[in-house]
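Colleague: This one is work_9.cif, mmCIF, C-alpha atoms.
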data_my_file
#
loop_
_atom_site.label_atom_id
_atom_site.label_comp_id
_atom_site.auth_asym_id
_atom_site.auth_seq_id
_atom_site.Cartn_x
_atom_site.Cartn_y
_atom_site.Cartn_z
CA MET A 1 168.29 57.14 101.61
CA SER A 2 164.61 56.82 100.89
CA PRO A 3 163.34 53.49 99.52
CA CYS A 4 162.12 55.24 96.36
CA ARG A 5 165.54 56.76 95.67
CA SER A 6 167.42 53.54 96.37
CA ALA A 7 165.03 51.63 94.07
CA GLY A 8 165.66 54.21 91.34
CA SER A 9 162.02 55.31 91.27
CA ILE A 10 162.93 58.97 91.87
CA ARG A 11 166.12 60.98 91.37
CA ALA A 12 165.32 63.77 93.78
CA HIS A 13 162.65 65.09 96.08
CA GLY A 14 161.58 68.55 97.12
CA TRP A 15 159.58 70.33 99.74
CA SER A 16 156.85 72.96 99.80
CA THR A 17 157.26 75.59 102.52
CA ASP A 18 157.04 79.35 102.90
CA ASP A 19 159.38 79.38 105.91
CA PRO A 20 162.98 80.19 104.92
CA ARG A 21 164.40 78.50 108.04
CA LEU A 22 162.65 75.24 107.23
CA ALA A 23 163.64 75.49 103.58
CA ALA A 24 167.29 76.01 104.55
CA ALA A 25 167.23 72.87 106.70
CA TRP A 26 166.70 70.74 103.59
CA LEU A 27 169.43 72.27 101.46
CA GLY A 28 172.37 69.94 100.99
CA GLN A 29 170.46 66.85 102.13
CA PRO A 30 170.99 63.78 99.92
CA GLY A 31 168.48 63.68 97.09
CA PHE A 32 167.00 67.09 97.83
CA GLY A 33 166.49 68.99 94.60
CA ARG A 34 163.59 71.53 94.65
CA LEU A 35 161.83 74.08 96.82
CA GLU A 36 158.22 75.01 96.24
CA PHE A 37 156.96 78.24 97.80
CA GLU A 38 154.46 81.01 97.29
CA ILE A 39 155.77 83.92 95.26
CA ASN A 40 154.29 86.37 92.79
CA VAL A 41 154.28 90.03 91.90
CA VAL A 42 152.25 91.02 94.99
CA HIS A 43 153.85 88.49 97.35
CA ASP A 44 157.63 88.32 97.08
CA ALA A 45 159.74 85.78 98.98
CA PRO A 46 163.27 87.21 98.88
CA ALA A 47 164.75 84.93 101.56
CA ILE A 48 163.72 81.72 99.80
CA VAL A 49 164.65 83.08 96.36
CA GLY A 50 168.08 83.84 97.83
CA LEU A 51 168.39 80.27 99.08
CA CYS A 52 167.49 78.92 95.66
CA GLU A 53 170.03 81.13 93.94
CA THR A 54 172.83 80.55 96.46
CA HIS A 55 172.39 76.77 96.48
CA ASP A 56 171.47 76.41 92.80
CA VAL A 57 168.13 74.81 93.66
CA PRO A 58 165.15 75.44 91.37
CA GLY A 59 162.29 77.30 93.02
CA LEU A 60 158.83 76.15 92.03
CA ALA A 61 156.70 79.29 92.20
CA ARG A 62 153.39 78.33 93.79
CA GLY A 63 150.56 80.80 93.21
CA PRO A 64 152.19 82.78 90.40
CA LEU A 65 148.78 84.17 89.37
CA GLY A 66 147.47 84.73 92.91
CA THR A 67 144.54 82.32 92.47
CA GLY A 68 143.26 84.51 89.65
CA LEU A 69 143.84 87.94 91.19
CA LEU A 70 146.82 88.61 88.91
CA THR A 71 144.93 87.73 85.74
CA GLY A 72 142.68 90.78 86.00
CA ALA A 73 139.57 88.60 85.97
CA HIS A 74 138.60 89.84 89.44
CA PRO A 75 139.25 93.59 89.79
CA ALA A 76 138.95 95.55 93.02
CA GLY A 77 135.35 95.66 94.21
CA SER A 78 134.28 92.57 92.29
CA VAL A 79 132.67 89.58 93.97
CA ILE A 80 132.93 85.92 93.02
CA SER A 81 129.40 84.63 93.47
CA ASP A 82 129.86 80.93 92.69
CA GLU A 83 129.48 79.28 96.10
CA GLN A 84 131.43 76.26 94.80
CA ASP A 85 134.49 78.45 94.21
CA PHE A 86 137.04 78.07 97.02
CA ARG A 87 137.72 81.83 96.91
CA CYS A 88 134.23 82.38 98.37
CA LYS A 89 135.00 80.21 101.38
CA SER A 90 138.21 82.01 102.41
CA PRO A 91 140.26 79.07 103.65
CA GLU A 92 143.09 80.00 106.00
CA TRP A 93 145.76 79.56 103.32
CA LEU A 94 144.02 81.86 100.81
CA ASN A 95 145.91 85.15 100.67
CA TYR A 96 144.32 86.92 97.72
CA PHE A 97 140.57 86.81 98.34
CA ARG A 98 138.33 87.23 101.38
CA ASP A 99 134.77 86.02 101.11
CA GLY A 100 134.91 86.09 97.32
CA ARG A 101 136.37 89.61 97.11
CA PRO A 102 139.92 90.54 96.11
CA VAL A 103 141.99 91.73 99.08
CA PRO A 104 141.90 95.53 98.54
CA GLU A 105 145.60 96.15 99.26
CA LEU A 106 146.67 93.50 96.78
CA ALA A 107 144.25 94.75 94.11
CA GLU A 108 145.71 98.25 94.60
CA THR A 109 149.26 96.90 94.27
CA LEU A 110 148.27 95.15 91.06
CA ASP A 111 146.73 98.36 89.70
CA ALA A 112 149.96 100.22 90.50
CA VAL A 113 152.08 97.85 88.38
CA ARG A 114 149.51 96.97 85.73
CA HIS A 115 151.16 99.19 83.11
CA ILE A 116 154.49 97.39 83.61
CA LEU A 117 153.00 93.90 83.53
CA THR A 118 151.04 94.62 80.35
CA SER A 119 153.98 96.22 78.55
CA ASN A 120 154.71 95.04 75.01
CA GLY A 121 151.18 93.70 74.59
CA ARG A 122 151.31 91.14 77.39
CA THR A 123 148.16 90.19 79.24
CA LEU A 124 148.21 90.60 83.02
CA ALA A 125 148.71 86.85 83.49
CA GLN A 126 151.61 86.85 81.02
CA GLY A 127 153.14 89.86 82.79
CA ALA A 128 152.86 88.13 86.17
CA LEU A 129 154.72 85.10 84.79
CA ALA A 130 157.28 87.33 83.07
CA TRP A 131 157.87 89.16 86.38
CA LEU A 132 158.83 85.85 88.01
CA TRP A 133 161.30 85.04 85.23
CA ALA A 134 162.82 88.50 85.61
CA ARG A 135 162.85 88.18 89.41
CA SER A 136 165.16 85.18 89.28
CA PRO A 137 166.21 82.64 86.69
CA ALA A 138 165.91 80.05 89.50
CA LEU A 139 162.12 80.41 89.51
CA ILE A 140 159.82 78.05 87.63
CA PRO A 141 156.19 79.23 87.74
CA ILE A 142 153.49 76.60 88.13
CA PRO A 143 150.35 78.48 87.08
CA GLY A 144 146.92 76.98 87.28
CA ALA A 145 144.34 77.15 84.52
CA ARG A 146 140.70 76.18 84.26
CA ILE A 147 140.26 76.27 80.49
CA VAL A 148 142.41 75.59 77.44
CA ALA A 149 142.51 79.30 76.52
CA GLN A 150 144.22 80.06 79.84
CA VAL A 151 146.81 77.35 79.23
CA ARG A 152 147.53 78.87 75.81
CA GLU A 153 147.74 82.37 77.27
CA ASN A 154 150.17 81.21 79.95
CA ALA A 155 152.31 79.34 77.43
CA ALA A 156 152.40 82.38 75.14
CA ALA A 157 154.13 84.32 77.93
CA MET A 158 157.31 82.44 77.01
CA GLU A 159 157.39 84.13 73.61
CA GLN A 160 158.39 87.47 75.16
CA GLY A 161 160.34 86.04 78.08
CA PRO A 162 161.09 87.91 81.29
CA LEU A 163 160.14 91.52 81.92
CA GLY A 164 163.05 93.86 81.46
CA GLY A 165 164.13 93.37 77.91
CA PRO A 166 167.12 91.62 76.36
CA ASP A 167 169.36 91.61 79.46
CA ALA A 168 166.75 89.78 81.51
CA ARG A 169 166.12 87.40 78.60
CA ASP A 170 169.86 86.62 78.31
CA ARG A 171 170.20 85.93 82.08
CA HIS A 172 167.16 83.68 81.95
CA ALA A 173 168.40 81.76 78.90
CA ALA A 174 171.86 81.31 80.44
CA ARG A 175 170.36 79.90 83.61
CA ARG A 176 168.15 77.42 81.74
CA ALA A 177 171.00 76.22 79.51
#
Kindly transcribe the structure held in the file into structure tokens.
Modeller:
Amino acid sequence: MSPCRSAGSIRAHGWSTDDPRLAAAWLGQPGFGRLEFEINVVHDAPAIVGLCETHDVPGLARGPLGTGLLTGAHPAGSVISDEQDFRCKSPEWLNYFRDGRPVPELAETLDAVRHILTSNGRTLAQGALAWLWARSPALIPIPGARIVAQVRENAAAMEQGPLGGPDARDRHAARRA
């Protein structure tokens, strides 16, 4: 047992990985209680979602808004010109932008599902969060925000709940209860 757990400082720990084999290795270990992994409407992670559901482990959805791609703020062909913005530098882990431009295939995928994500008056960001809730009640999105208005927009997504209507809402509510 870890010193922090034995001292009562923490109840459980988790791990962030996108590798299902490595995630599976932690399941059932004493004190293990969460998996964090990248998942969103253009980057699904069915193997890790399956692990979360099978083992009743919450999945913390890292990158639910695709570093801004899924908010609609950066449409196909646009360029982020702020040299201080990490999306201009294209770090190895960045999957949604290359040199400040949205990855074309992902922007096209977003355009193909835009009408679904924005159904019932949702914004794109709200639809992306609602997709995760509909994808699995085990998922807990952890969206980023730069300004208060984005925090409010993200929080307002909860008002309509998961995509898919009342059945999805009921499954989600049952899981959270």
Colleague: Which polymer residues, protein or nucleic acid, are no farther than 8 Å from (159.6, 87.6, 93.8), counting only C-alpha atoms, as number ranges by chain?
Modeller: A: 39-41, 43-46, 49, 131-132, 135-136
Colleague: Which residues fall under the PyMOL selection byres ((chain A and resi 33) around 10) in this file, as a PDB file with C-alpha atoms, keeping the file's coordinate frame?
Modeller:
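Output saved as result-v8.pdb:
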ATOM      1  CA  ARG A  11     166.120  60.980  91.370  1.00  0.00           C
ATOM      2  CA  ALA A  12     165.320  63.770  93.780  1.00  0.00           C
ATOM      3  CA  HIS A  13     162.650  65.090  96.080  1.00  0.00           C
ATOM      4  CA  GLY A  14     161.580  68.550  97.120  1.00  0.00           C
ATOM      5  CA  TRP A  15     159.580  70.330  99.740  1.00  0.00           C
ATOM      6  CA  TRP A  26     166.700  70.740 103.590  1.00  0.00           C
ATOM      7  CA  LEU A  27     169.430  72.270 101.460  1.00  0.00           C
ATOM      8  CA  GLY A  28     172.370  69.940 100.990  1.00  0.00           C
ATOM      9  CA  GLN A  29     170.460  66.850 102.130  1.00  0.00           C
ATOM     10  CA  PRO A  30     170.990  63.780  99.920  1.00  0.00           C
ATOM     11  CA  GLY A  31     168.480  63.680  97.090  1.00  0.00           C
ATOM     12  CA  PHE A  32     167.000  67.090  97.830  1.00  0.00           C
ATOM     13  CA  ARG A  34     163.590  71.530  94.650  1.00  0.00           C
ATOM     14  CA  LEU A  35     161.830  74.080  96.820  1.00  0.00           C
ATOM     15  CA  HIS A  55     172.390  76.770  96.480  1.00  0.00           C
ATOM     16  CA  ASP A  56     171.470  76.410  92.800  1.00  0.00           C
ATOM     17  CA  VAL A  57     168.130  74.810  93.660  1.00  0.00           C
ATOM     18  CA  PRO A  58     165.150  75.440  91.370  1.00  0.00           C
ATOM     19  CA  GLY A  59     162.290  77.300  93.020  1.00  0.00           C
TER      20      GLY A  59
END
Colleague: Residue by residue, what does the PyMOL selection byres ((chain A and resi 82-99) around 10) grab here? Present the result as number ranges by chain.
Modeller: A: 42-43, 63, 65-70, 74, 79-81, 100-107
Colleague: Which residue is closest to Ala157 (chain A)? Choose from A:Ala145, A:Ile116, A:Ala125, A:Ile140 and count only C-alpha atoms.
Modeller: A:Ala125
Colleague: So that I can see what lies close to Ala47 (chain A), please list as a list in words the residues with an atom at most 9 Å from it, counting all atoms listed in the file and leaving out residues fewer than 3 positions away in the same chain.
Modeller: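 Once the adjacent positions are removed, what remains is Asp19, Pro20, Gly50, Leu51 and Cys52 of chain A.
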Colleague: Under the rule that all atoms listed in the file are counted, which of A:Gln126, A:Leu110, A:Ser78, A:Leu22 is the nearest residue to Arg152 (chain A)?
Modeller: A:Gln126
Colleague: Ranking A:Gly8, A:Gly127, A:Gly77, A:Pro64 by minimum distance to Leu139 (chain A) and counting all atoms listed in the file, which one comes first?
Modeller: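 Between A:Gly8, A:Gly127, A:Gly77, A:Pro64, the residue approaching Leu139 (chain A) most closely is A:Pro64.
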Colleague: When you draw a straight line from CA of Ala130 (chain A) to CA of His115 (chain A), how long is it in Å?
Modeller: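 Computing the Euclidean distance for CA of Ala130 (chain A) and CA of His115 (chain A) yields 13.3 Å.
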Colleague: Could you tell me how far CA of Asn120 (chain A) lies from CA of Gly164 (chain A), in Å and to one decimal?
Modeller: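 If I compute the distance from CA of Asn120 (chain A) to CA of Gly164 (chain A), I get 10.6 Å.
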Colleague: Identify the residues within 12 Å of coordinate (156.4, 85.2, 75.8) (same frame as the file), considering only C-alpha atoms, and give the answer as a list in words.
Modeller: Thr118, Ser119, Asn120, Gly121, Arg122, Thr123, Ala125, Gln126, Gly127, Ala128, Leu129, Ala130, Trp131, Trp133, Arg152, Glu153, Asn154, Ala155, Ala156, Ala157, Met158, Glu159, Gln160, Gly161, Pro162, Leu163, Gly165 and Arg169 of chain A
Colleague: Name the residues that the PyMOL selection byres ((chain A and resi 142) around 6) picks from the file above, as a PyMOL selection string, using the file's chain letters and numbers.
Modeller: chain A and resi 61-62+141+143
Colleague: What is the distance between CA of Gln150 (chain A) and CA of Leu124 (chain A), in Å to one decimal?
Modeller: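 Interatomic distance, CA of Gln150 (chain A) to CA of Leu124 (chain A): 11.7 Å.
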